[in-house]
file run13.cif (mmCIF, C-alpha atoms)
data_model
#
loop_
_atom_site.group_PDB
_atom_site.id
_atom_site.type_symbol
_atom_site.label_atom_id
_atom_site.label_comp_id
_atom_site.auth_asym_id
_atom_site.auth_seq_id
_atom_site.Cartn_x
_atom_site.Cartn_y
_atom_site.Cartn_z
ATOM 1 C CA MET U 28 -26.616 -8.893 13.151
ATOM 2 C CA MET U 29 -22.897 -9.438 13.813
ATOM 3 C CA GLN U 30 -22.747 -12.046 11.034
ATOM 4 C CA GLN U 31 -24.243 -9.561 8.575
ATOM 5 C CA GLN U 32 -21.682 -6.928 9.614
ATOM 6 C CA GLU U 33 -18.835 -9.404 9.049
ATOM 7 C CA LYS U 34 -20.153 -10.245 5.567
ATOM 8 C CA LEU U 35 -20.322 -6.537 4.752
ATOM 9 C CA GLY U 36 -16.821 -6.040 6.140
ATOM 10 C CA MET U 37 -15.482 -8.884 4.016
ATOM 11 C CA ILE U 38 -17.067 -7.359 0.895
ATOM 12 C CA TYR U 39 -15.498 -3.948 1.675
ATOM 13 C CA ALA U 40 -12.032 -5.366 2.401
ATOM 14 C CA ALA U 41 -12.055 -7.767 -0.572
ATOM 15 C CA SER U 42 -13.176 -4.918 -2.855
ATOM 16 C CA ALA U 43 -10.265 -2.789 -1.625
ATOM 17 C CA TYR U 44 -7.728 -5.536 -2.375
ATOM 18 C CA LEU U 45 -9.309 -6.244 -5.782
ATOM 19 C CA LEU U 46 -8.973 -2.570 -6.715
ATOM 20 C CA TRP U 47 -5.355 -2.502 -5.495
ATOM 21 C CA GLY U 48 -4.638 -5.648 -7.492
ATOM 22 C CA PHE U 49 -5.905 -4.134 -10.742
ATOM 23 C CA LEU U 50 -4.281 -0.734 -10.100
ATOM 24 C CA PRO U 51 -1.302 -1.539 -12.429
ATOM 25 C CA ILE U 52 -3.734 -1.337 -15.381
ATOM 26 C CA TYR U 53 -4.611 2.230 -14.361
ATOM 27 C CA TRP U 54 -0.968 3.355 -14.172
ATOM 28 C CA LYS U 55 -0.208 1.646 -17.493
ATOM 29 C CA LEU U 56 -2.960 3.723 -19.104
ATOM 30 C CA ALA U 57 -1.343 6.900 -17.748
ATOM 31 C CA ASP U 58 2.226 5.968 -18.728
ATOM 32 C CA ALA U 59 2.424 8.817 -21.260
ATOM 33 C CA ALA U 60 3.288 10.923 -18.209
ATOM 34 C CA PRO U 61 6.556 10.295 -16.329
ATOM 35 C CA PRO U 62 6.289 8.590 -12.883
ATOM 36 C CA GLY U 63 7.227 11.775 -10.987
ATOM 37 C CA GLU U 64 4.425 13.750 -12.604
ATOM 38 C CA ILE U 65 1.910 10.944 -12.043
ATOM 39 C CA LEU U 66 2.915 10.861 -8.360
ATOM 40 C CA ALA U 67 2.551 14.643 -8.015
ATOM 41 C CA HIS U 68 -0.937 14.546 -9.536
ATOM 42 C CA ARG U 69 -1.827 11.529 -7.384
ATOM 43 C CA ILE U 70 -0.905 13.477 -4.239
ATOM 44 C CA VAL U 71 -2.667 16.723 -5.206
ATOM 45 C CA TRP U 72 -5.889 15.119 -6.448
ATOM 46 C CA SER U 73 -5.995 12.697 -3.503
ATOM 47 C CA PHE U 74 -5.881 15.683 -1.147
ATOM 48 C CA ILE U 75 -8.642 17.497 -3.064
ATOM 49 C CA PHE U 76 -10.804 14.358 -3.237
ATOM 50 C CA MET U 77 -10.382 13.679 0.498
ATOM 51 C CA LEU U 78 -11.399 17.254 1.350
ATOM 52 C CA ILE U 79 -14.544 16.796 -0.756
ATOM 53 C CA ILE U 80 -15.316 13.482 1.006
ATOM 54 C CA ILE U 81 -14.858 15.075 4.442
ATOM 55 C CA ILE U 82 -17.184 17.956 3.552
ATOM 56 C CA ILE U 83 -19.856 15.696 1.997
ATOM 57 C CA SER U 84 -19.769 13.257 4.935
ATOM 58 C CA ARG U 85 -20.021 16.200 7.387
ATOM 59 C CA LYS U 86 -16.855 15.221 9.232
ATOM 60 C CA TRP U 87 -15.160 18.608 8.913
ATOM 61 C CA THR U 88 -15.418 19.309 12.652
ATOM 62 C CA SER U 89 -13.874 15.976 13.661
ATOM 63 C CA PHE U 90 -11.174 16.431 10.989
ATOM 64 C CA LEU U 91 -10.257 19.855 12.390
ATOM 65 C CA GLY U 92 -10.239 18.438 15.919
ATOM 66 C CA GLU U 93 -7.880 15.579 15.003
ATOM 67 C CA SER U 94 -5.681 17.945 12.978
ATOM 68 C CA LYS U 95 -5.320 20.396 15.876
ATOM 69 C CA ALA U 96 -4.481 17.550 18.256
ATOM 70 C CA LEU U 97 -1.757 16.387 15.839
ATOM 71 C CA LEU U 98 -0.276 19.878 15.511
ATOM 72 C CA LYS U 99 -0.014 20.198 19.293
ATOM 73 C CA ASN U 100 1.818 16.883 19.629
ATOM 74 C CA LYS U 101 5.274 17.211 18.030
ATOM 75 C CA LYS U 102 5.960 13.478 18.213
ATOM 76 C CA ARG U 103 2.733 12.538 16.411
ATOM 77 C CA LEU U 104 3.245 15.353 13.880
ATOM 78 C CA ALA U 105 6.753 14.075 13.126
ATOM 79 C CA GLY U 106 5.324 10.561 12.825
ATOM 80 C CA ILE U 107 2.622 11.470 10.312
ATOM 81 C CA THR U 108 5.121 13.590 8.340
ATOM 82 C CA ALA U 109 7.436 10.568 8.125
ATOM 83 C CA ALA U 110 4.432 8.416 7.159
ATOM 84 C CA SER U 111 3.612 10.800 4.292
ATOM 85 C CA VAL U 112 7.221 10.492 3.039
ATOM 86 C CA PHE U 113 7.138 6.680 3.181
ATOM 87 C CA ILE U 114 3.773 6.383 1.418
ATOM 88 C CA SER U 115 4.928 8.849 -1.275
ATOM 89 C CA LEU U 116 8.065 6.749 -1.799
ATOM 90 C CA ASN U 117 5.872 3.632 -2.015
ATOM 91 C CA TRP U 118 3.547 5.247 -4.568
ATOM 92 C CA LEU U 119 6.438 6.526 -6.706
ATOM 93 C CA THR U 120 8.212 3.157 -6.699
ATOM 94 C CA PHE U 121 5.011 1.307 -7.583
ATOM 95 C CA ILE U 122 4.137 3.660 -10.452
ATOM 96 C CA TRP U 123 7.703 3.462 -11.801
ATOM 97 C CA ALA U 124 7.740 -0.344 -11.449
ATOM 98 C CA VAL U 125 4.452 -0.784 -13.318
ATOM 99 C CA ASN U 126 5.390 1.563 -16.157
ATOM 100 C CA SER U 127 8.890 0.046 -16.425
ATOM 101 C CA ASP U 128 7.545 -3.529 -16.767
ATOM 102 C CA TYR U 129 8.340 -4.670 -13.220
ATOM 103 C CA VAL U 130 4.804 -5.714 -12.226
ATOM 104 C CA ILE U 131 6.048 -9.144 -11.078
ATOM 105 C CA GLN U 132 8.667 -7.500 -8.828
ATOM 106 C CA ALA U 133 5.928 -5.232 -7.445
ATOM 107 C CA SER U 134 3.826 -8.321 -6.728
ATOM 108 C CA LEU U 135 6.761 -9.940 -4.923
ATOM 109 C CA GLY U 136 7.153 -6.790 -2.812
ATOM 110 C CA TYR U 137 3.579 -6.968 -1.560
ATOM 111 C CA TYR U 138 3.929 -10.680 -0.785
ATOM 112 C CA ILE U 139 7.020 -9.874 1.311
ATOM 113 C CA ASN U 140 5.436 -6.829 2.979
ATOM 114 C CA PRO U 141 3.465 -8.673 5.721
ATOM 115 C CA LEU U 142 6.601 -10.522 6.824
ATOM 116 C CA VAL U 143 8.574 -7.252 6.935
ATOM 117 C CA SER U 144 5.774 -5.701 9.010
ATOM 118 C CA ILE U 145 5.951 -8.616 11.463
ATOM 119 C CA LEU U 146 9.734 -8.266 11.660
ATOM 120 C CA LEU U 147 9.398 -4.544 12.444
ATOM 121 C CA GLY U 148 6.885 -5.443 15.136
ATOM 122 C CA ILE U 149 9.484 -7.713 16.705
ATOM 123 C CA LEU U 150 12.363 -5.232 16.456
ATOM 124 C CA VAL U 151 10.500 -2.001 17.290
ATOM 125 C CA LEU U 152 7.420 -3.029 19.280
ATOM 126 C CA LYS U 153 9.140 -6.022 20.962
ATOM 127 C CA GLU U 154 6.410 -8.437 19.883
ATOM 128 C CA ARG U 155 6.994 -12.151 20.480
ATOM 129 C CA THR U 156 7.283 -14.760 17.743
ATOM 130 C CA THR U 157 6.794 -18.485 17.489
ATOM 131 C CA ARG U 158 9.191 -21.008 15.984
ATOM 132 C CA ARG U 159 7.048 -21.255 12.842
ATOM 133 C CA GLN U 160 7.143 -17.497 12.400
ATOM 134 C CA ASN U 161 10.944 -17.479 12.718
ATOM 135 C CA VAL U 162 11.162 -20.177 10.045
ATOM 136 C CA SER U 163 8.863 -18.115 7.788
ATOM 137 C CA PHE U 164 11.266 -15.129 7.992
ATOM 138 C CA ILE U 165 14.202 -17.361 7.067
ATOM 139 C CA LEU U 166 12.344 -18.873 4.086
ATOM 140 C CA ALA U 167 11.343 -15.442 2.771
ATOM 141 C CA GLY U 168 14.943 -14.261 3.123
ATOM 142 C CA ILE U 169 16.191 -17.324 1.233
ATOM 143 C CA GLY U 170 13.681 -16.590 -1.535
ATOM 144 C CA VAL U 171 14.961 -13.016 -1.978
ATOM 145 C CA VAL U 172 18.624 -14.128 -1.851
ATOM 146 C CA TYR U 173 17.962 -16.930 -4.372
ATOM 147 C CA LEU U 174 16.347 -14.479 -6.789
ATOM 148 C CA THR U 175 19.291 -12.098 -6.376
ATOM 149 C CA VAL U 176 21.908 -14.812 -6.979
ATOM 150 C CA SER U 177 20.026 -16.318 -9.944
ATOM 151 C CA PHE U 178 19.722 -13.014 -11.796
ATOM 152 C CA GLY U 179 22.756 -11.241 -10.388
ATOM 153 C CA VAL U 180 20.435 -8.280 -9.780
ATOM 154 C CA PHE U 181 19.197 -7.235 -6.365
ATOM 155 C CA PRO U 182 15.321 -7.090 -6.340
ATOM 156 C CA TRP U 183 15.357 -3.537 -4.995
ATOM 157 C CA VAL U 184 11.893 -2.711 -6.348
ATOM 158 C CA SER U 185 10.320 -5.491 -4.256
ATOM 159 C CA LEU U 186 12.230 -4.523 -1.113
ATOM 160 C CA VAL U 187 11.596 -0.773 -1.435
ATOM 161 C CA LEU U 188 7.857 -1.459 -1.811
ATOM 162 C CA ALA U 189 7.837 -3.907 1.110
ATOM 163 C CA LEU U 190 9.948 -1.732 3.437
ATOM 164 C CA SER U 191 8.270 1.600 2.634
ATOM 165 C CA PHE U 192 4.767 0.203 3.188
ATOM 166 C CA ALA U 193 5.853 -1.668 6.328
ATOM 167 C CA PHE U 194 7.350 1.500 7.854
ATOM 168 C CA TYR U 195 4.231 3.410 6.817
ATOM 169 C CA GLY U 196 2.052 0.850 8.598
ATOM 170 C CA LEU U 197 4.261 0.948 11.697
ATOM 171 C CA LEU U 198 4.062 4.736 11.906
ATOM 172 C CA LYS U 199 0.285 4.729 11.373
ATOM 173 C CA LYS U 200 -0.076 2.157 14.155
ATOM 174 C CA GLN U 201 1.830 4.418 16.557
ATOM 175 C CA ILE U 202 0.059 7.636 15.503
ATOM 176 C CA ASP U 203 -3.437 6.126 15.876
ATOM 177 C CA VAL U 204 -5.451 8.473 13.636
ATOM 178 C CA SER U 205 -8.570 7.655 11.602
ATOM 179 C CA ALA U 206 -8.043 6.530 7.995
ATOM 180 C CA MET U 207 -9.909 9.501 6.525
ATOM 181 C CA THR U 208 -8.081 12.117 8.581
ATOM 182 C CA GLY U 209 -4.756 10.320 8.207
ATOM 183 C CA LEU U 210 -4.840 10.195 4.386
ATOM 184 C CA THR U 211 -6.013 13.821 4.174
ATOM 185 C CA ILE U 212 -3.216 15.099 6.424
ATOM 186 C CA GLU U 213 -0.573 12.906 4.767
ATOM 187 C CA THR U 214 -1.434 14.225 1.310
ATOM 188 C CA MET U 215 -1.792 17.778 2.654
ATOM 189 C CA ILE U 216 1.785 17.660 4.000
ATOM 190 C CA VAL U 217 3.323 16.692 0.643
ATOM 191 C CA THR U 218 0.895 18.615 -1.621
ATOM 192 C CA PRO U 219 2.996 21.846 -1.550
ATOM 193 C CA LEU U 220 6.050 19.856 -2.719
ATOM 194 C CA ALA U 221 3.968 18.171 -5.431
ATOM 195 C CA LEU U 222 2.658 21.531 -6.670
ATOM 196 C CA ILE U 223 6.165 23.044 -6.724
ATOM 197 C CA TYR U 224 7.382 20.031 -8.702
ATOM 198 C CA LEU U 225 4.574 20.418 -11.246
ATOM 199 C CA PHE U 226 5.218 24.153 -11.671
ATOM 200 C CA VAL U 227 8.984 23.811 -12.174
ATOM 201 C CA LEU U 228 8.655 21.016 -14.763
ATOM 202 C CA PRO U 229 9.745 22.410 -18.166
ATOM 203 C CA GLU U 230 7.102 20.271 -19.900
ATOM 204 C CA THR U 231 4.097 18.515 -18.402
ATOM 205 C CA ALA U 232 1.877 15.776 -19.763
ATOM 206 C CA PHE U 233 -1.121 17.521 -18.163
ATOM 207 C CA SER U 234 -2.583 19.881 -20.783
ATOM 208 C CA LEU U 235 -4.512 23.021 -19.843
ATOM 209 C CA ALA U 236 -5.436 23.482 -23.507
ATOM 210 C CA ASP U 237 -7.465 20.243 -23.461
ATOM 211 C CA PRO U 238 -8.639 19.745 -19.852
ATOM 212 C CA VAL U 239 -10.869 16.758 -20.678
ATOM 213 C CA SER U 240 -8.250 14.761 -22.568
ATOM 214 C CA THR U 241 -7.924 11.081 -21.628
ATOM 215 C CA LEU U 242 -4.547 11.610 -19.942
ATOM 216 C CA ASN U 243 -5.784 14.639 -17.980
ATOM 217 C CA LEU U 244 -8.782 12.683 -16.714
ATOM 218 C CA LEU U 245 -6.529 9.759 -15.728
ATOM 219 C CA LEU U 246 -4.183 12.068 -13.797
ATOM 220 C CA MET U 247 -7.085 13.787 -12.025
ATOM 221 C CA GLY U 248 -8.721 10.424 -11.359
ATOM 222 C CA ALA U 249 -5.576 9.233 -9.582
ATOM 223 C CA GLY U 250 -6.964 10.815 -6.408
ATOM 224 C CA VAL U 251 -10.129 8.724 -6.631
ATOM 225 C CA ALA U 252 -8.122 5.588 -7.495
ATOM 226 C CA THR U 253 -6.016 6.183 -4.375
ATOM 227 C CA ALA U 254 -8.666 7.147 -1.853
ATOM 228 C CA ILE U 255 -11.535 4.732 -2.598
ATOM 229 C CA PRO U 256 -9.611 1.471 -1.875
ATOM 230 C CA LEU U 257 -8.202 2.974 1.344
ATOM 231 C CA LEU U 258 -11.669 4.035 2.535
ATOM 232 C CA LEU U 259 -13.139 0.627 1.630
ATOM 233 C CA PHE U 260 -10.332 -1.101 3.507
ATOM 234 C CA ALA U 261 -10.756 1.123 6.578
ATOM 235 C CA SER U 262 -14.493 0.364 6.658
ATOM 236 C CA GLY U 263 -13.992 -3.375 6.130
ATOM 237 C CA ALA U 264 -11.124 -3.915 8.563
ATOM 238 C CA LYS U 265 -13.251 -2.678 11.467
ATOM 239 C CA LYS U 266 -15.927 -5.316 10.850
ATOM 240 C CA ILE U 267 -13.907 -8.522 10.298
ATOM 241 C CA PRO U 268 -11.365 -10.535 12.326
ATOM 242 C CA LEU U 269 -7.674 -9.704 11.919
ATOM 243 C CA GLY U 270 -6.962 -13.198 10.559
ATOM 244 C CA LEU U 271 -9.419 -12.665 7.698
ATOM 245 C CA VAL U 272 -7.792 -9.323 6.882
ATOM 246 C CA GLY U 273 -4.448 -11.149 6.733
ATOM 247 C CA PHE U 274 -5.855 -13.740 4.338
ATOM 248 C CA LEU U 275 -7.559 -11.223 2.050
ATOM 249 C CA GLN U 276 -4.443 -9.053 1.680
ATOM 250 C CA TYR U 277 -2.872 -11.627 -0.677
ATOM 251 C CA ILE U 278 -5.592 -10.967 -3.267
ATOM 252 C CA ALA U 279 -3.788 -7.842 -4.537
ATOM 253 C CA PRO U 280 -0.281 -9.263 -5.183
ATOM 254 C CA THR U 281 -1.812 -12.430 -6.697
ATOM 255 C CA ILE U 282 -3.742 -10.322 -9.224
ATOM 256 C CA MET U 283 -0.573 -8.289 -9.925
ATOM 257 C CA LEU U 284 1.380 -11.498 -10.543
ATOM 258 C CA ILE U 285 -1.267 -12.767 -12.983
ATOM 259 C CA LEU U 286 -1.324 -9.401 -14.789
ATOM 260 C CA GLY U 287 2.467 -9.308 -15.038
ATOM 261 C CA VAL U 288 2.721 -12.823 -16.480
ATOM 262 C CA PHE U 289 -0.363 -13.117 -18.699
ATOM 263 C CA LEU U 290 -1.329 -9.535 -19.642
ATOM 264 C CA TYR U 291 2.034 -7.764 -19.832
ATOM 265 C CA ASN U 292 4.110 -10.841 -20.801
ATOM 266 C CA GLU U 293 6.856 -10.161 -18.276
ATOM 267 C CA PRO U 294 9.413 -13.004 -17.973
ATOM 268 C CA PHE U 295 8.558 -15.475 -15.202
ATOM 269 C CA THR U 296 11.517 -17.824 -14.900
ATOM 270 C CA SER U 297 12.211 -20.890 -12.783
ATOM 271 C CA ALA U 298 14.112 -18.560 -10.398
ATOM 272 C CA HIS U 299 10.971 -16.483 -9.944
ATOM 273 C CA LEU U 300 8.966 -19.655 -9.345
ATOM 274 C CA VAL U 301 11.378 -20.922 -6.653
ATOM 275 C CA ALA U 302 11.424 -17.526 -4.919
ATOM 276 C CA PHE U 303 7.627 -17.232 -4.975
ATOM 277 C CA ILE U 304 7.161 -20.807 -3.700
ATOM 278 C CA LEU U 305 9.510 -20.096 -0.770
ATOM 279 C CA ILE U 306 7.651 -16.882 0.064
ATOM 280 C CA TRP U 307 4.204 -18.500 -0.373
ATOM 281 C CA PHE U 308 5.267 -21.292 1.981
ATOM 282 C CA ALA U 309 6.644 -18.727 4.441
ATOM 283 C CA LEU U 310 3.284 -16.922 4.407
ATOM 284 C CA PHE U 311 1.436 -20.223 4.874
ATOM 285 C CA LEU U 312 3.618 -21.009 7.916
ATOM 286 C CA TYR U 313 2.966 -17.610 9.407
ATOM 287 C CA MET U 314 -0.798 -17.747 8.857
ATOM 288 C CA SER U 315 -1.038 -21.293 10.267
ATOM 289 C CA SER U 316 1.004 -20.199 13.273
ATOM 290 C CA ALA U 317 -1.315 -17.252 13.867
ATOM 291 C CA TYR U 318 -4.401 -19.499 13.773
ATOM 292 C CA ARG U 319 -2.830 -22.045 16.138
ATOM 293 C CA ARG U 320 -2.505 -19.393 18.856
ATOM 294 C CA PRO U 321 -5.285 -19.115 21.478
ATOM 295 C CA ARG U 322 -8.164 -16.851 20.482
ATOM 296 C CA SER U 323 -7.325 -14.371 23.264
ATOM 297 C CA GLN U 324 -3.762 -13.960 21.953
ATOM 298 C CA ARG U 325 -4.984 -13.459 18.369
ATOM 299 C CA LYS U 326 -7.346 -10.716 19.522
ATOM 300 C CA SER U 327 -4.625 -8.931 21.482
ATOM 301 C CA ALA U 328 -2.281 -9.173 18.452
#
call {"tool": "encode", "arguments": {"input": "run13.cif", "output": "structure tokens"}}
result
Amino acid sequence: MMQQQEKLGMIYAASAYLLWGFLPIYWKLADAAPPGEILAHRIVWSFIFMLIIIIISRKWTSFLGESKALLKNKKRLAGITAASVFISLNWLTFIWAVNSDYVIQASLGYYINPLVSILLGILVLKERTTRRQNVSFILAGIGVVYLTVSFGVFPWVSLVLALSFAFYGLLKKQIDVSAMTGLTIETMIVTPLALIYLFVLPETAFSLADPVSTLNLLLMGAGVATAIPLLLFASGAKKIPLGLVGFLQYIAPTIMLILGVFLYNEPFTSAHLVAFILIWFALFLYMSSAYRRPRSQRKSA
């Protein structure tokens, strides 16, 4: 029975990462709208879609209970508010990167992200590291510096994506709220700002005259494109070992890298190759270090 649950969990988690990997195609299709407007629609429609999911799944009572508990705890409320800001920044940067032909930089950001998350764990949560893990941080840092020196341009897109998602993950870890409730509250917090932004825009790509236009449907569908992978991931992560989650998470940036090079013909130079090799090797060192630890330590981690 447990083996069947793990297989199901792996399917859910892998599906989530596959959808995230192909997400650049979705934002490319909607690039007739500016990134700020796409983000605003993504927030609003994600909130609406999550409310529908909560009502259909009959979890309204538990959602209200978790929401009230958050409102009573100022520290947790501040944490989830900060989380909503970080995830909004991550979404905006990713949409801008994709529609500005920086898919490869976005891919690099999500390769770096796990190492940034580990580093935050060390600095904030005082987690211990092994020698291999320390070497992996150094190699990843060298990769970023090499790319910067080679091009004379700081890879800010990659680092903003990596840092914003790492801080988001750190805050979510400390808040400890269910994925469904968390995403609903996060989008609810920033929805008023998104609506104000949409109303003050002098011109919008979203057309009320033709509500079923392709662009309108893409903007409305942004909520579904956001929520479904997160719900799949939340369901899958509960059923499989942490090490397998760590392995599967590299599906998304690998797909993004392939899309950037072969579908969107972005330049992939020898400098990119050196940087990616250093970061891939850093990730390999970290993963091998994690698997070398005793089973009891891996579970506690």
call {"tool": "resolve_selection", "arguments": {"input": "run13.cif", "expression": "the PyMOL selection byres ((chain U and resi 305) around 12)", "output": "PyMOL selection string"}}
result
chain U and resi 135+138-139+162-174+298-304+306-312
call {"tool": "resolve_selection", "arguments": {"input": "run13.cif", "expression": "the PyMOL selection byres ((chain U and resi 198-207) around 10)", "output": "PyMOL selection string"}}
result
chain U and resi 77-78+80-81+86+90+93-94+97+102-111+113+152+192-197+208-212+254+257-258+260-262
call {"tool": "atom_distance", "arguments": {"input": "run13.cif", "atom1": "CA of Arg69 (chain U)", "atom2": "CA of Tyr44 (chain U)"}}
result
18.7 Å
call {"tool": "atom_distance", "arguments": {"input": "run13.cif", "atom1": "CA of Ala264 (chain U)", "atom2": "CA of Gln32 (chain U)"}}
result
11.0 Å
call {"tool": "closest_residue", "arguments": {"input": "run13.cif", "among": "U:Ala57, U:Leu116, U:Met283, U:Ile70", "to": "Thr218 (chain U)", "atoms": "all atoms listed in the file"}}
result
U:Ile70
call {"tool": "resolve_selection", "arguments": {"input": "run13.cif", "expression": "the PyMOL selection byres ((chain U and resi 41) around 9)", "output": "list of chain:residue names"}}
result
U:Gly36, U:Met37, U:Ile38, U:Tyr39, U:Ala40, U:Ser42, U:Ala43, U:Tyr44, U:Leu45, U:Leu46, U:Leu259, U:Phe260, U:Gly263, U:Val272, U:Leu275, U:Gln276, U:Ile278
call {"tool": "closest_residue", "arguments": {"input": "run13.cif", "among": "U:Leu190, U:Ile122, U:Ile65, U:Val112", "to": "Ile145 (chain U)", "atoms": "only C-alpha atoms"}}
result
U:Leu190
call {"tool": "closest_residue", "arguments": {"input": "run13.cif", "among": "U:Asn243, U:Ser115, U:Thr120, U:Thr157", "to": "Leu220 (chain U)", "atoms": "all atoms listed in the file"}}
result
U:Ser115
call {"tool": "residues_around", "arguments": {"input": "run13.cif", "residues": "Leu50 (chain U)", "least_positions_apart": "6", "cutoff": "12 Å", "atoms": "all atoms listed in the file", "output": "PyMOL selection string"}}
result
chain U and resi 43-44+56-57+118+121-122+125-126+130+133-134+249+251-253+255-256+279-280+282-283+286-287
call {"tool": "closest_residue", "arguments": {"input": "run13.cif", "among": "U:Thr214, U:Lys34, U:Met314, U:Gly248", "to": "Phe74 (chain U)", "atoms": "all atoms listed in the file"}}
result
U:Thr214
call {"tool": "atom_distance", "arguments": {"input": "run13.cif", "atom1": "CA of Gly273 (chain U)", "atom2": "CA of Pro51 (chain U)"}}
result
21.7 Å
call {"tool": "closest_residue", "arguments": {"input": "run13.cif", "among": "U:Leu246, U:Ile267, U:Leu119, U:Leu146", "to": "Leu66 (chain U)", "atoms": "all atoms listed in the file"}}
result
U:Leu119
